[in-house]
Structures are given as structure tokens and as C-alpha cells.
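Raw contents of data_8.txt, compact mmCIF, C-alpha atoms and all ligand atoms:
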# COMPACT_ATOMS: atom_id res chain seq x y z
CA MET A 1 70.71 92.26 93.14
CA GLU A 2 71.45 95.76 94.29
CA LYS A 3 75.09 96.90 94.39
CA LYS A 4 76.51 98.56 97.50
CA ASN A 5 76.76 102.30 97.38
CA ILE A 6 80.52 102.51 96.81
CA ASP A 7 82.54 105.02 94.77
CA TRP A 8 84.12 102.16 92.78
CA SER A 9 86.71 104.22 90.93
CA ASN A 10 88.09 105.72 94.15
CA ILE A 11 88.22 102.88 96.66
CA GLY A 12 91.98 102.34 96.49
CA PHE A 13 93.70 99.22 97.77
CA GLY A 14 92.79 98.87 101.46
CA TYR A 15 90.76 96.18 103.19
CA VAL A 16 87.02 96.77 103.12
CA LYS A 17 84.94 94.31 105.09
CA THR A 18 82.28 92.55 103.02
CA ASP A 19 79.22 90.59 104.18
CA LYS A 20 80.29 86.95 104.06
CA ARG A 21 83.41 84.81 104.25
CA PHE A 22 83.96 81.04 103.97
CA VAL A 23 85.47 79.06 106.86
CA SER A 24 86.42 75.39 107.00
CA ASN A 25 88.33 73.59 109.76
CA PHE A 26 90.70 70.63 109.59
CA LYS A 27 90.48 68.47 112.71
CA ASN A 28 91.21 64.79 113.46
CA GLY A 29 92.69 64.40 110.00
CA ALA A 30 89.74 65.69 107.95
CA TRP A 31 88.24 68.91 106.59
CA ASP A 32 84.66 69.74 107.59
CA GLY A 33 82.17 70.94 104.97
CA GLY A 34 82.74 74.63 105.77
CA VAL A 35 80.26 77.49 106.17
CA LEU A 36 79.69 81.02 104.96
CA THR A 37 79.63 83.32 107.97
CA GLU A 38 79.28 86.99 108.83
CA ASP A 39 81.92 86.71 111.56
CA ASP A 40 85.08 88.43 110.34
CA THR A 41 87.10 87.61 113.47
CA ILE A 42 89.19 84.57 114.41
CA THR A 43 89.82 83.19 117.88
CA ILE A 44 92.76 80.80 118.20
CA SER A 45 95.20 79.56 120.81
CA GLU A 46 97.94 81.99 121.83
CA CYS A 47 100.30 79.17 120.84
CA ALA A 48 98.80 78.48 117.39
CA GLY A 49 101.28 77.19 114.78
CA VAL A 50 100.69 80.24 112.61
CA LEU A 51 101.55 82.66 115.44
CA GLN A 52 104.71 80.87 116.57
CA TYR A 53 106.24 79.46 113.39
CA ALA A 54 104.42 81.23 110.53
CA GLN A 55 102.66 78.15 109.21
CA THR A 56 100.40 79.92 106.72
CA VAL A 57 99.88 80.03 102.95
CA PHE A 58 97.60 82.12 100.77
CA GLU A 59 96.30 82.89 97.29
CA GLY A 60 95.01 85.99 95.53
CA LEU A 61 92.63 86.32 92.59
CA LYS A 62 89.97 88.67 91.31
CA ALA A 63 86.25 88.48 90.57
CA TYR A 64 84.86 91.12 88.24
CA THR A 65 82.05 91.94 85.85
CA THR A 66 82.52 91.26 82.13
CA GLU A 67 81.30 93.48 79.32
CA ASP A 68 78.14 91.37 78.96
CA GLY A 69 77.39 91.57 82.71
CA ARG A 70 78.56 88.17 83.92
CA ILE A 71 80.48 87.88 87.21
CA VAL A 72 83.57 85.76 86.60
CA THR A 73 86.94 84.70 87.99
CA PHE A 74 90.11 84.06 86.01
CA ARG A 75 91.66 80.54 86.06
CA PRO A 76 90.80 79.74 89.72
CA ASP A 77 91.85 76.11 89.13
CA LEU A 78 95.46 77.32 88.88
CA ASN A 79 95.14 79.10 92.23
CA ALA A 80 93.76 75.84 93.66
CA SER A 81 96.69 73.75 92.47
CA ARG A 82 99.29 76.35 93.50
CA PHE A 83 97.62 76.53 96.94
CA ALA A 84 97.92 72.75 97.23
CA ASP A 85 101.63 72.96 96.32
CA SER A 86 102.15 75.68 98.94
CA ALA A 87 100.39 73.62 101.62
CA ARG A 88 102.44 70.49 100.88
CA ARG A 89 105.71 72.44 101.15
CA LEU A 90 104.78 73.71 104.64
CA GLU A 91 103.49 70.29 105.82
CA MET A 92 99.89 71.48 105.87
CA PRO A 93 96.88 69.41 104.75
CA VAL A 94 95.84 70.06 101.15
CA TYR A 95 92.46 71.72 100.76
CA PRO A 96 90.85 69.72 97.90
CA GLU A 97 91.25 71.64 94.64
CA ASP A 98 87.62 71.28 93.51
CA LYS A 99 86.42 72.43 96.95
CA PHE A 100 88.79 75.38 96.78
CA VAL A 101 87.24 76.58 93.50
CA GLU A 102 83.75 75.98 94.91
CA ALA A 103 84.57 77.99 98.06
CA VAL A 104 85.94 80.87 95.95
CA LEU A 105 82.85 80.98 93.72
CA ASN A 106 80.43 80.67 96.65
CA THR A 107 82.15 83.44 98.61
CA VAL A 108 82.05 85.75 95.59
CA LYS A 109 78.38 84.88 95.05
CA ALA A 110 77.62 85.71 98.71
CA ASN A 111 79.27 89.12 98.21
CA GLU A 112 77.86 89.82 94.76
CA ALA A 113 76.77 93.28 95.88
CA TYR A 114 80.47 94.18 96.22
CA VAL A 115 81.53 93.05 92.75
CA PRO A 116 82.27 96.33 90.94
CA PRO A 117 80.35 97.04 87.72
CA TYR A 118 82.05 96.67 84.31
CA GLY A 119 84.01 99.70 83.21
CA THR A 120 84.93 101.01 86.66
CA GLY A 121 88.35 99.32 86.60
CA ALA A 122 87.65 98.10 90.12
CA THR A 123 87.45 94.39 91.05
CA LEU A 124 86.55 92.18 93.98
CA TYR A 125 89.83 90.78 95.30
CA VAL A 126 89.52 87.23 96.66
CA ARG A 127 91.89 86.03 99.37
CA PRO A 128 91.92 82.29 100.18
CA TYR A 129 94.32 81.32 102.98
CA MET A 130 95.09 78.61 105.48
CA PHE A 131 96.92 78.53 108.80
CA GLY A 132 97.93 76.19 111.60
CA SER A 133 95.40 76.87 114.35
CA SER A 134 96.30 74.36 117.08
CA PRO A 135 99.04 74.96 119.70
CA VAL A 136 102.64 74.14 118.73
CA ILE A 137 105.63 74.84 120.94
CA GLY A 138 108.21 72.23 119.92
CA VAL A 139 108.87 72.90 116.23
CA LYS A 140 106.52 70.70 114.19
CA PRO A 141 103.42 71.07 112.01
CA ALA A 142 100.15 71.95 113.75
CA GLU A 143 97.46 69.27 114.00
CA GLU A 144 94.53 71.54 113.23
CA TYR A 145 94.11 74.09 110.44
CA GLN A 146 91.64 76.67 109.26
CA PHE A 147 90.95 77.49 105.61
CA ARG A 148 89.22 80.80 104.91
CA VAL A 149 88.20 82.87 101.90
CA PHE A 150 87.32 86.54 102.20
CA THR A 151 86.72 89.18 99.56
CA THR A 152 87.42 92.90 99.48
CA PRO A 153 86.66 95.41 96.71
CA VAL A 154 89.75 97.12 95.30
CA GLY A 155 90.00 100.14 93.03
CA PRO A 156 91.63 100.34 89.60
CA TYR A 157 95.37 99.66 89.85
CA PHE A 158 96.30 102.36 87.39
CA LYS A 159 94.51 105.62 87.91
CA GLY A 160 94.92 107.79 84.86
CA GLY A 161 96.99 105.36 82.84
CA ALA A 162 99.86 102.98 83.52
CA LYS A 163 103.00 105.06 84.11
CA PRO A 164 106.28 103.15 84.03
CA ILE A 165 107.86 102.59 87.42
CA THR A 166 111.44 102.75 88.68
CA ILE A 167 112.92 99.78 90.50
CA ARG A 168 116.22 99.01 92.15
CA VAL A 169 118.28 95.86 92.41
CA SER A 170 117.92 94.84 96.05
CA ASP A 171 120.88 94.15 98.33
CA PHE A 172 118.60 91.72 100.15
CA ASP A 173 117.63 88.30 98.87
CA ARG A 174 114.05 87.07 98.52
CA ALA A 175 114.26 83.30 98.27
CA ALA A 176 117.03 80.79 98.92
CA PRO A 177 117.88 78.11 96.37
CA HIS A 178 115.81 75.04 97.36
CA GLY A 179 113.85 77.27 99.77
CA THR A 180 110.25 78.49 99.65
CA GLY A 181 110.36 81.11 96.88
CA HIS A 182 108.11 79.01 94.61
CA ILE A 183 105.19 78.88 97.08
CA LYS A 184 102.81 81.60 98.21
CA ALA A 185 103.66 81.74 101.90
CA GLY A 186 103.34 84.65 104.31
CA LEU A 187 106.91 84.06 105.44
CA ASN A 188 108.25 85.15 102.02
CA TYR A 189 106.48 88.47 102.50
CA ALA A 190 107.48 89.07 106.12
CA MET A 191 111.13 88.97 105.13
CA SER A 192 110.56 91.28 102.14
CA LEU A 193 109.07 94.11 104.23
CA HIS A 194 112.38 95.69 105.23
CA ALA A 195 113.56 95.65 101.60
CA ILE A 196 110.38 97.29 100.31
CA VAL A 197 110.15 99.90 103.07
CA THR A 198 113.75 100.98 102.45
CA ALA A 199 113.22 100.91 98.66
CA HIS A 200 110.23 103.25 99.03
CA ALA A 201 112.18 105.51 101.40
CA GLU A 202 114.88 105.80 98.73
CA GLY A 203 112.35 106.66 96.03
CA PHE A 204 112.00 103.29 94.27
CA ASP A 205 108.70 101.59 93.51
CA GLU A 206 109.90 97.99 93.77
CA ASN A 207 112.89 95.69 94.32
CA MET A 208 114.40 93.45 91.69
CA TYR A 209 115.76 90.36 93.41
CA LEU A 210 118.67 88.42 91.96
CA ASP A 211 119.47 84.76 92.59
CA PRO A 212 121.14 84.62 96.03
CA GLN A 213 123.72 82.03 94.99
CA THR A 214 125.51 83.98 92.23
CA ARG A 215 123.72 87.35 92.24
CA THR A 216 123.99 87.37 88.45
CA LYS A 217 120.50 86.18 87.43
CA VAL A 218 117.14 87.96 87.55
CA GLU A 219 114.51 86.35 89.78
CA GLU A 220 111.44 88.51 90.45
CA THR A 221 110.15 91.35 92.62
CA GLY A 222 108.46 90.93 96.01
CA GLY A 223 105.13 90.10 94.42
CA ALA A 224 105.38 90.02 90.63
CA ASN A 225 107.27 88.12 87.90
CA PHE A 226 109.32 89.81 85.16
CA LEU A 227 108.58 89.87 81.45
CA PHE A 228 111.14 91.30 79.04
CA VAL A 229 110.85 92.02 75.36
CA THR A 230 113.96 91.76 73.18
CA LYS A 231 114.75 94.32 70.48
CA ASP A 232 113.58 91.82 67.87
CA GLY A 233 110.22 91.32 69.61
CA LYS A 234 110.75 88.08 71.53
CA VAL A 235 109.05 87.78 74.94
CA VAL A 236 111.42 86.46 77.63
CA THR A 237 110.69 85.52 81.24
CA PRO A 238 113.24 84.32 83.83
CA LYS A 239 113.28 80.63 84.73
CA SER A 240 114.26 79.62 88.26
CA ASN A 241 113.05 77.16 90.87
CA SER A 242 112.75 79.95 93.42
CA ILE A 243 110.34 82.16 91.44
CA LEU A 244 106.65 82.06 92.35
CA PRO A 245 104.85 80.75 89.25
CA SER A 246 102.61 83.72 88.47
CA ILE A 247 99.32 82.80 86.79
CA THR A 248 99.29 86.19 85.06
CA ARG A 249 102.79 85.61 83.66
CA ARG A 250 101.92 82.09 82.45
CA SER A 251 98.75 83.48 80.81
CA LEU A 252 100.68 86.33 79.17
CA MET A 253 103.17 83.87 77.68
CA THR A 254 100.25 81.96 76.12
CA VAL A 255 98.75 85.23 74.86
CA ALA A 256 102.11 86.25 73.36
CA LYS A 257 102.47 82.96 71.51
CA ASP A 258 98.89 82.06 70.53
CA TYR A 259 97.21 85.46 70.14
CA LEU A 260 100.06 87.73 69.07
CA GLY A 261 102.22 85.17 67.24
CA LEU A 262 105.34 86.21 69.17
CA GLU A 263 108.27 84.01 70.03
CA VAL A 264 108.43 83.26 73.77
CA GLU A 265 111.24 81.99 75.96
CA GLU A 266 111.38 80.93 79.60
CA ARG A 267 115.06 80.78 80.46
CA GLU A 268 117.70 82.05 82.84
CA VAL A 269 118.10 85.80 82.39
CA LEU A 270 121.43 87.34 83.37
CA PHE A 271 121.29 90.78 84.91
CA ASP A 272 124.02 91.73 82.46
CA GLU A 273 121.68 91.30 79.49
CA VAL A 274 118.83 93.38 80.98
CA LYS A 275 120.31 96.57 79.49
CA ASP A 276 119.83 95.07 76.01
CA PHE A 277 116.07 94.49 76.32
CA ALA A 278 113.59 96.86 74.68
CA GLU A 279 110.79 96.57 77.25
CA CYS A 280 110.26 95.36 80.78
CA GLY A 281 107.11 94.69 82.80
CA LEU A 282 106.02 93.16 86.10
CA CYS A 283 103.16 90.66 86.04
CA GLY A 284 100.71 89.76 88.76
CA THR A 285 97.00 89.61 89.45
CA ALA A 286 96.77 93.14 90.85
CA ALA A 287 98.07 95.16 87.89
CA VAL A 288 98.22 92.45 85.16
CA ILE A 289 101.35 94.27 83.88
CA SER A 290 103.16 97.23 85.43
CA PRO A 291 105.58 98.69 82.92
CA VAL A 292 109.12 99.23 84.21
CA GLY A 293 110.85 102.32 82.85
CA LYS A 294 114.08 102.31 84.80
CA ILE A 295 116.22 99.87 86.79
CA VAL A 296 118.91 101.15 89.15
CA ASN A 297 121.79 98.94 90.34
CA LYS A 298 124.09 100.98 92.60
CA ASP A 299 125.53 103.60 90.20
CA GLN A 300 124.30 101.90 87.03
CA GLU A 301 121.01 103.10 85.51
CA ILE A 302 119.14 101.19 82.82
CA VAL A 303 116.45 103.16 81.04
CA PHE A 304 114.38 101.15 78.56
CA PRO A 305 113.78 102.65 75.10
CA SER A 306 110.03 102.78 75.87
CA GLY A 307 110.86 105.51 78.41
CA MET A 308 109.12 106.83 81.52
CA GLU A 309 105.87 108.03 79.96
CA GLU A 310 104.26 104.98 78.37
CA MET A 311 104.17 101.21 78.28
CA GLY A 312 106.33 99.70 75.56
CA PRO A 313 104.35 98.73 72.43
CA ILE A 314 104.50 94.95 72.93
CA THR A 315 103.85 95.22 76.68
CA LYS A 316 100.80 97.29 75.78
CA LYS A 317 99.52 94.70 73.29
CA LEU A 318 99.99 91.95 75.85
CA TYR A 319 98.17 94.01 78.46
CA GLU A 320 95.29 94.87 76.16
CA THR A 321 94.87 91.34 74.89
CA LEU A 322 94.88 89.70 78.31
CA THR A 323 92.56 92.28 79.88
CA GLY A 324 90.35 91.94 76.77
CA ILE A 325 90.17 88.18 77.37
CA GLN A 326 89.46 88.69 81.07
CA MET A 327 86.69 91.22 80.43
CA GLY A 328 85.00 89.11 77.75
CA ARG A 329 85.84 91.40 74.81
CA ILE A 330 88.18 88.80 73.26
CA GLU A 331 87.46 85.08 73.12
CA ALA A 332 89.23 83.23 75.94
CA PRO A 333 91.01 79.89 75.73
CA GLU A 334 88.90 77.00 77.06
CA GLY A 335 88.53 77.08 80.85
CA TRP A 336 90.15 80.46 81.52
CA ILE A 337 86.97 82.30 82.49
CA VAL A 338 84.89 80.71 85.24
CA GLU A 339 81.49 82.22 85.85
CA VAL A 340 79.95 82.78 89.29
CA LYS A 341 76.34 81.61 89.08
C1 LIG B 1 101.35 86.23 93.91
C2 LIG B 1 102.72 86.45 93.44
C3 LIG B 1 103.01 86.75 92.09
C4 LIG B 1 101.94 86.97 91.06
O1 LIG B 1 101.20 85.80 90.78
P1 LIG B 1 99.79 85.90 90.05
O2 LIG B 1 99.29 84.49 90.08
O3 LIG B 1 100.01 86.38 88.68
O4 LIG B 1 98.95 86.85 90.84
C5 LIG B 1 104.33 86.89 91.73
N1 LIG B 1 105.34 86.78 92.63
C6 LIG B 1 105.10 86.52 93.93
C7 LIG B 1 106.24 86.41 94.87
C8 LIG B 1 103.78 86.34 94.38
O5 LIG B 1 103.56 86.09 95.67

Mind turning the file's structure into C-alpha cells?
Amino acid sequence: MEKKNIDWSNIGFGYVKTDKRFVSNFKNGAWDGGVLTEDDTITISECAGVLQYAQTVFEGLKAYTTEDGRIVTFRPDLNASRFADSARRLEMPVYPEDKFVEAVLNTVKANEAYVPPYGTGATLYVRPYMFGSSPVIGVKPAEEYQFRVFTTPVGPYFKGGAKPITIRVSDFDRAAPHGTGHIKAGLNYAMSLHAIVTAHAEGFDENMYLDPQTRTKVEETGGANFLFVTKDGKVVTPKSNSILPSITRRSLMTVAKDYLGLEVEEREVLFDEVKDFAECGLCGTAAVISPVGKIVNKDQEIVFPSGMEEMGPITKKLYETLTGIQMGRIEAPEGWIVEVK
């Protein structure tokens, strides 16, 4: 199979249309079998549930080439079950988890020419999503839905090494207690746009959100979970019902415990104790880990001992071990790497 003529290392993070996408419709209470199509457009009612009341959920994962030349995805079964949880919370029909994984693998296979070669740092980003497609004017769930999966090649997240970022504690909240923070819904992102645009305008890379109820506990950023490392080498991640359960973060906690022999803790993390940590990172599919060098809260500045030039030593080990597992250089736990055949 011939690869597309793309400058893989320089494609950046925009949408690039690929050849095929998967589409399945839910109608009269059932999902159809779905098809792969070249049509990248959608025609729906002007009154569709998604357009009026934001009834839409999504997932994000990557397909990439391993060192030995296989095309694989990382733990797609966890995306499938999280997608089902998201759908249930917004009163949408669940797309069967096995069919979800099948649709992801088939869409990647159909766009194999866009899967970047090993060593470029680039990947094929996979975006499954679902939305209410039938008209809704009185507030209620739609009756019909569309599930789609498209792919788009994305460049290496860190060009020329992972430099620590600077974040601020946001004055805005991300997710209400007992709200929708734990699901991957477009609505959580719509309401984060103002916070991220103003953060960027003020020179910050990201927002740290605190729990809205007490504003004393660390939650997450707009699209990544926190990992902290204590001065005695323990890996700590915040626990809260309104954090989105990152697959990268869950995998890193397993790597910390089972591969690096570190102590791990998922617990409430007070903002007041953040200044005492040795390292801080943000975890998500896109970057795996982005090191955080500095956190600003009004006139308080926390600079981690690892500084603004490099990842902290344990963050770096975690990053190298997980990316080693993903790329096939280190043996993966059973079921983590799923090959596209
Ligand atoms: C997607 C997402 C993450 C990262 O999850 P991964 O499964 O690791 O990609 C973290 N926080 C939020 C709010 C997200 O939407």
C-alpha cells in the first residue's frame, strides 16, 4: 500500500480530509449496519437535536505504525466503553462496544495510506462521534442518531522536545458536581472556549480547573488529567466524579506501578499541596504527557523543581515507558495494543 505524499513531520494539528469515513444511523429503535463512504458532508434537519440542544458525544484515539511496521490502536475497548457511558448520560442510544471497535479499525484500514510511518512522530487521529439527527423543539432526546468515525493525520505534538508549559488556575469552572464532567461531550468544550481563549490571550498555555463547590481541590484542564509526583517519588492523580477518566492517565498509573515499581495514589488533591510536589504533567491522547513547569494562581506562582527547560525525571520515565509500549519497543500488557489488519 502506497502512503500519501505528506510531509509527516510538519502537518501540525489541523483537520485534513482523508478518503473514507464510517457512518451508521439509528432509526426506529435500531442501528443499521453502517457503511464506509467518501462523502465527508452531513445533511440534517435545521431542527436536529444536536443543533438545538447540543446532544452530541465523542471520542479521540490514535492509530500509528509500530517499530516493526504494524498499524495499531491503543486500548480502543476503553474508548468504546467510555463512549457508551457518555451516550447513556445524554439519553442517547449506546453504539455497541464491539461494533465501535470494529468501526474504528475498519475506518483506519480504509485510510491506511494516511497512517504516518514509524519514527515521524505523526499519527492518524481517529474521531468517533454521535449526535441527535432528528428534529427536536420541545426539550427531549432526539429519536434518530448518527454515529460516525473519521480520521485525520496529525503531526508530532512536541516539535523539538517537550518544553514545560505554564498554566493558570481558572476563574471559570469546567464541570458541576453531579454534572457532565465525567463524559466526553461537546457541551463541556463549548463552555471551556472562553476560558481557554482568555488564558491564551494572557500568555498561559492551559487552565487548571478547581472543584466548583469549594474551589480548593484540583480537577483537570480543559482536555487533560493531572499527574503529580511527590518529592519522595510517589505518583498522585486527583480523584473526583467530575473528572473525565483519561485512558492515558489510567495507563500511566499502571505503568508507574507495574513497570517502574512506583507507589501510586488516586485521591483528592488540594490546591494547597500542589506547591509541595516535585513534578507535574498533563495526560491525554494527543501529547501522552505535557510537562507543566509553572502554575499561576492570581499573584501566587508555583515553579516545580524540574524547571522550565525539561520534563521532570519521573515524568520522563513514565512518558518513555508508555510511548515505548505504544510503539512496540516495550512489551505491552495483554490487550493494550490492537492491530489493524
Ligand atoms: C479526552 C479528555 C481527556 C484525555 O483522555 P484520554 O483518554 O487520555 O485521551 C482528559 N480530559 C478531558 C476533559 C477530555 O475530554

Hey, which residues sit close to ligand LIG 1 (chain B)? Say within 9 Å, counting only C-alpha atoms and all ligand atoms, and write them as a PDB file with C-alpha atoms, in the coordinates of the input.
ATOM      1  CA  PHE A  58      97.600  82.120 100.770  1.00  0.00           C
ATOM      2  CA  GLU A  59      96.300  82.890  97.290  1.00  0.00           C
ATOM      3  CA  GLY A  60      95.010  85.990  95.530  1.00  0.00           C
ATOM      4  CA  LEU A  61      92.630  86.320  92.590  1.00  0.00           C
ATOM      5  CA  LEU A  78      95.460  77.320  88.880  1.00  0.00           C
ATOM      6  CA  ASN A  79      95.140  79.100  92.230  1.00  0.00           C
ATOM      7  CA  ARG A  82      99.290  76.350  93.500  1.00  0.00           C
ATOM      8  CA  ARG A 174     114.050  87.070  98.520  1.00  0.00           C
ATOM      9  CA  GLY A 181     110.360  81.110  96.880  1.00  0.00           C
ATOM     10  CA  HIS A 182     108.110  79.010  94.610  1.00  0.00           C
ATOM     11  CA  ILE A 183     105.190  78.880  97.080  1.00  0.00           C
ATOM     12  CA  LYS A 184     102.810  81.600  98.210  1.00  0.00           C
ATOM     13  CA  ALA A 185     103.660  81.740 101.900  1.00  0.00           C
ATOM     14  CA  GLY A 186     103.340  84.650 104.310  1.00  0.00           C
ATOM     15  CA  ASN A 188     108.250  85.150 102.020  1.00  0.00           C
ATOM     16  CA  TYR A 189     106.480  88.470 102.500  1.00  0.00           C
ATOM     17  CA  GLU A 220     111.440  88.510  90.450  1.00  0.00           C
ATOM     18  CA  THR A 221     110.150  91.350  92.620  1.00  0.00           C
ATOM     19  CA  GLY A 222     108.460  90.930  96.010  1.00  0.00           C
ATOM     20  CA  GLY A 223     105.130  90.100  94.420  1.00  0.00           C
ATOM     21  CA  ALA A 224     105.380  90.020  90.630  1.00  0.00           C
ATOM     22  CA  ASN A 225     107.270  88.120  87.900  1.00  0.00           C
ATOM     23  CA  PHE A 226     109.320  89.810  85.160  1.00  0.00           C
ATOM     24  CA  ILE A 243     110.340  82.160  91.440  1.00  0.00           C
ATOM     25  CA  LEU A 244     106.650  82.060  92.350  1.00  0.00           C
ATOM     26  CA  PRO A 245     104.850  80.750  89.250  1.00  0.00           C
ATOM     27  CA  SER A 246     102.610  83.720  88.470  1.00  0.00           C
ATOM     28  CA  ILE A 247      99.320  82.800  86.790  1.00  0.00           C
ATOM     29  CA  THR A 248      99.290  86.190  85.060  1.00  0.00           C
ATOM     30  CA  ARG A 249     102.790  85.610  83.660  1.00  0.00           C
ATOM     31  CA  ARG A 250     101.920  82.090  82.450  1.00  0.00           C
ATOM     32  CA  SER A 251      98.750  83.480  80.810  1.00  0.00           C
ATOM     33  CA  LEU A 282     106.020  93.160  86.100  1.00  0.00           C
ATOM     34  CA  CYS A 283     103.160  90.660  86.040  1.00  0.00           C
ATOM     35  CA  GLY A 284     100.710  89.760  88.760  1.00  0.00           C
ATOM     36  CA  THR A 285      97.000  89.610  89.450  1.00  0.00           C
ATOM     37  CA  ALA A 286      96.770  93.140  90.850  1.00  0.00           C
ATOM     38  CA  ALA A 287      98.070  95.160  87.890  1.00  0.00           C
ATOM     39  CA  VAL A 288      98.220  92.450  85.160  1.00  0.00           C
TER      40      VAL A 288
END

> Between A:Gln300, A:Thr230, A:Thr120, A:Ser133, which is the closest to Val269 in chain A once you count all atoms listed in the file?
Replying inline: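 Looking at the shortest contact to Val269 in chain A, the residue is A:Thr230.
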
> Please, which residues are within 9 Å of (117.9, 95.0, 93.7) by the file's coordinates, counting all atoms listed in the file, and could they come as a count of residues only?
Replying inline: 17

> In terms of the shortest atom-to-atom distance over all atoms listed in the file, which of A:Asp40, A:Glu202, A:Asp32, A:Glu265 is closest to Tyr145 in chain A?
Replying inline: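 Among the listed residues, A:Asp32 lies closest to Tyr145 in chain A.
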
If we count all atoms listed in the file and set the cut-off at 9 Å, which residues sit around His178 in chain A, ignoring sequence neighbours fewer than 3 positions away in its own chain? Please answer as a PDB file with C-alpha atoms, in the frame of the given file.
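Okay, this is what ended up in result_5.pdb:
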ATOM      1  CA  ALA A 175     114.260  83.300  98.270  1.00  0.00           C
ATOM      2  CA  GLY A 181     110.360  81.110  96.880  1.00  0.00           C
ATOM      3  CA  ASN A 241     113.050  77.160  90.870  1.00  0.00           C
ATOM      4  CA  SER A 242     112.750  79.950  93.420  1.00  0.00           C
TER       5      SER A 242
END

Would you list the contacts of range 254-261 of chain A as a PDB file with C-alpha atoms, in the coordinates of the input, taking every protein, DNA or RNA residue within 10 Å and counting only C-alpha atoms, but skipping same-chain residues closer than 6 positions in sequence?
ATOM      1  CA  LYS A 234     110.750  88.080  71.530  1.00  0.00           C
ATOM      2  CA  VAL A 235     109.050  87.780  74.940  1.00  0.00           C
ATOM      3  CA  THR A 248      99.290  86.190  85.060  1.00  0.00           C
ATOM      4  CA  ILE A 314     104.500  94.950  72.930  1.00  0.00           C
ATOM      5  CA  THR A 315     103.850  95.220  76.680  1.00  0.00           C
ATOM      6  CA  LYS A 317      99.520  94.700  73.290  1.00  0.00           C
ATOM      7  CA  LEU A 318      99.990  91.950  75.850  1.00  0.00           C
ATOM      8  CA  TYR A 319      98.170  94.010  78.460  1.00  0.00           C
ATOM      9  CA  THR A 321      94.870  91.340  74.890  1.00  0.00           C
ATOM     10  CA  LEU A 322      94.880  89.700  78.310  1.00  0.00           C
ATOM     11  CA  ILE A 325      90.170  88.180  77.370  1.00  0.00           C
ATOM     12  CA  ALA A 332      89.230  83.230  75.940  1.00  0.00           C
ATOM     13  CA  PRO A 333      91.010  79.890  75.730  1.00  0.00           C
TER      14      PRO A 333
END

>> Would you pick out the contacts of Gln52 in chain A at 12 Å or less, using only C-alpha atoms, so that residues sharing its chain but fewer than 2 positions from it are not included, and give the list as a PyMOL selection string?
In response: chain A and resi 45-50+54-56+131-142+187

> For Ser86 in chain A, which residue out of A:Gln213, A:Thr180, A:Phe100, A:Asp205 is the nearest one, using all atoms listed in the file?
Replying inline: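 Ranking A:Gln213, A:Thr180, A:Phe100, A:Asp205 by distance to Ser86 in chain A, first place goes to A:Thr180.
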
> Could you work out how far CA of Asp98 in chain A lies from CA of Gly69 in chain A, giving the answer in Å with one decimal?
Replying inline: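 Taking CA of Gly69 in chain A as the start and CA of Asp98 in chain A as the end point, the length is 25.2 Å.
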
>> Env of range 326-329 of chain A: 9 Å cut, atoms = all atoms listed in the file, seq-sep filter 4 positions within chain, self excluded. Answer as a ChimeraX atom specification.
In response: /A:64-68,70,72-74,118,321-322,336-337

>> Report, in Å to a single decimal, how far apart CA of Val229 in chain A and CA of Ala278 in chain A are.
In response: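 It comes out at 5.6 Å.
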
> Looking at A:Asp85, A:Lys109, A:Val274, A:Arg267, which one is nearest to Lys20 in chain A, with distances taken over all atoms listed in the file?
Replying inline: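 Smallest distance to Lys20 in chain A is found for A:Lys109.
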
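Candidate residues A:Lys341, A:His194, A:Thr152, A:Pro164 were compared for distance to Glu310 in chain A, and the nearest is A:Pro164, using only C-alpha atoms.
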
> Looking at A:Ala122, A:Val101, A:Val23, A:Ala30, which one is nearest to Phe158 in chain A, with distances taken over all atoms listed in the file?
Replying inline: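 The closest residue to Phe158 in chain A is A:Ala122.
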
Hey, can I get the axis-aligned box for range 158-167 of chain A? All listed atoms, 4 Å padding on each side, centre and edge lengths in Å to one decimal, as lines of an AutoDock Vina configuration file.
center_x = 103.7
center_y = 103.8
center_z = 86.7
size_x = 26.4
size_y = 16.0
size_z = 15.7

> What does the distance between CA of Phe26 in chain A and CA of Tyr95 in chain A come to in Å, to one decimal place?
Replying inline: 9.1 Å

>> Env of Thr151 in chain A: 8 Å cut, atoms = all atoms listed in the file, seq-sep filter 3 positions within chain, self excluded. Answer as a list in words.
In response: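 My list of contacting residues is Lys17, Thr18, Arg21, Thr107, Val108, Asn111, Leu124, Tyr125, Val126 and Arg127 of chain A.
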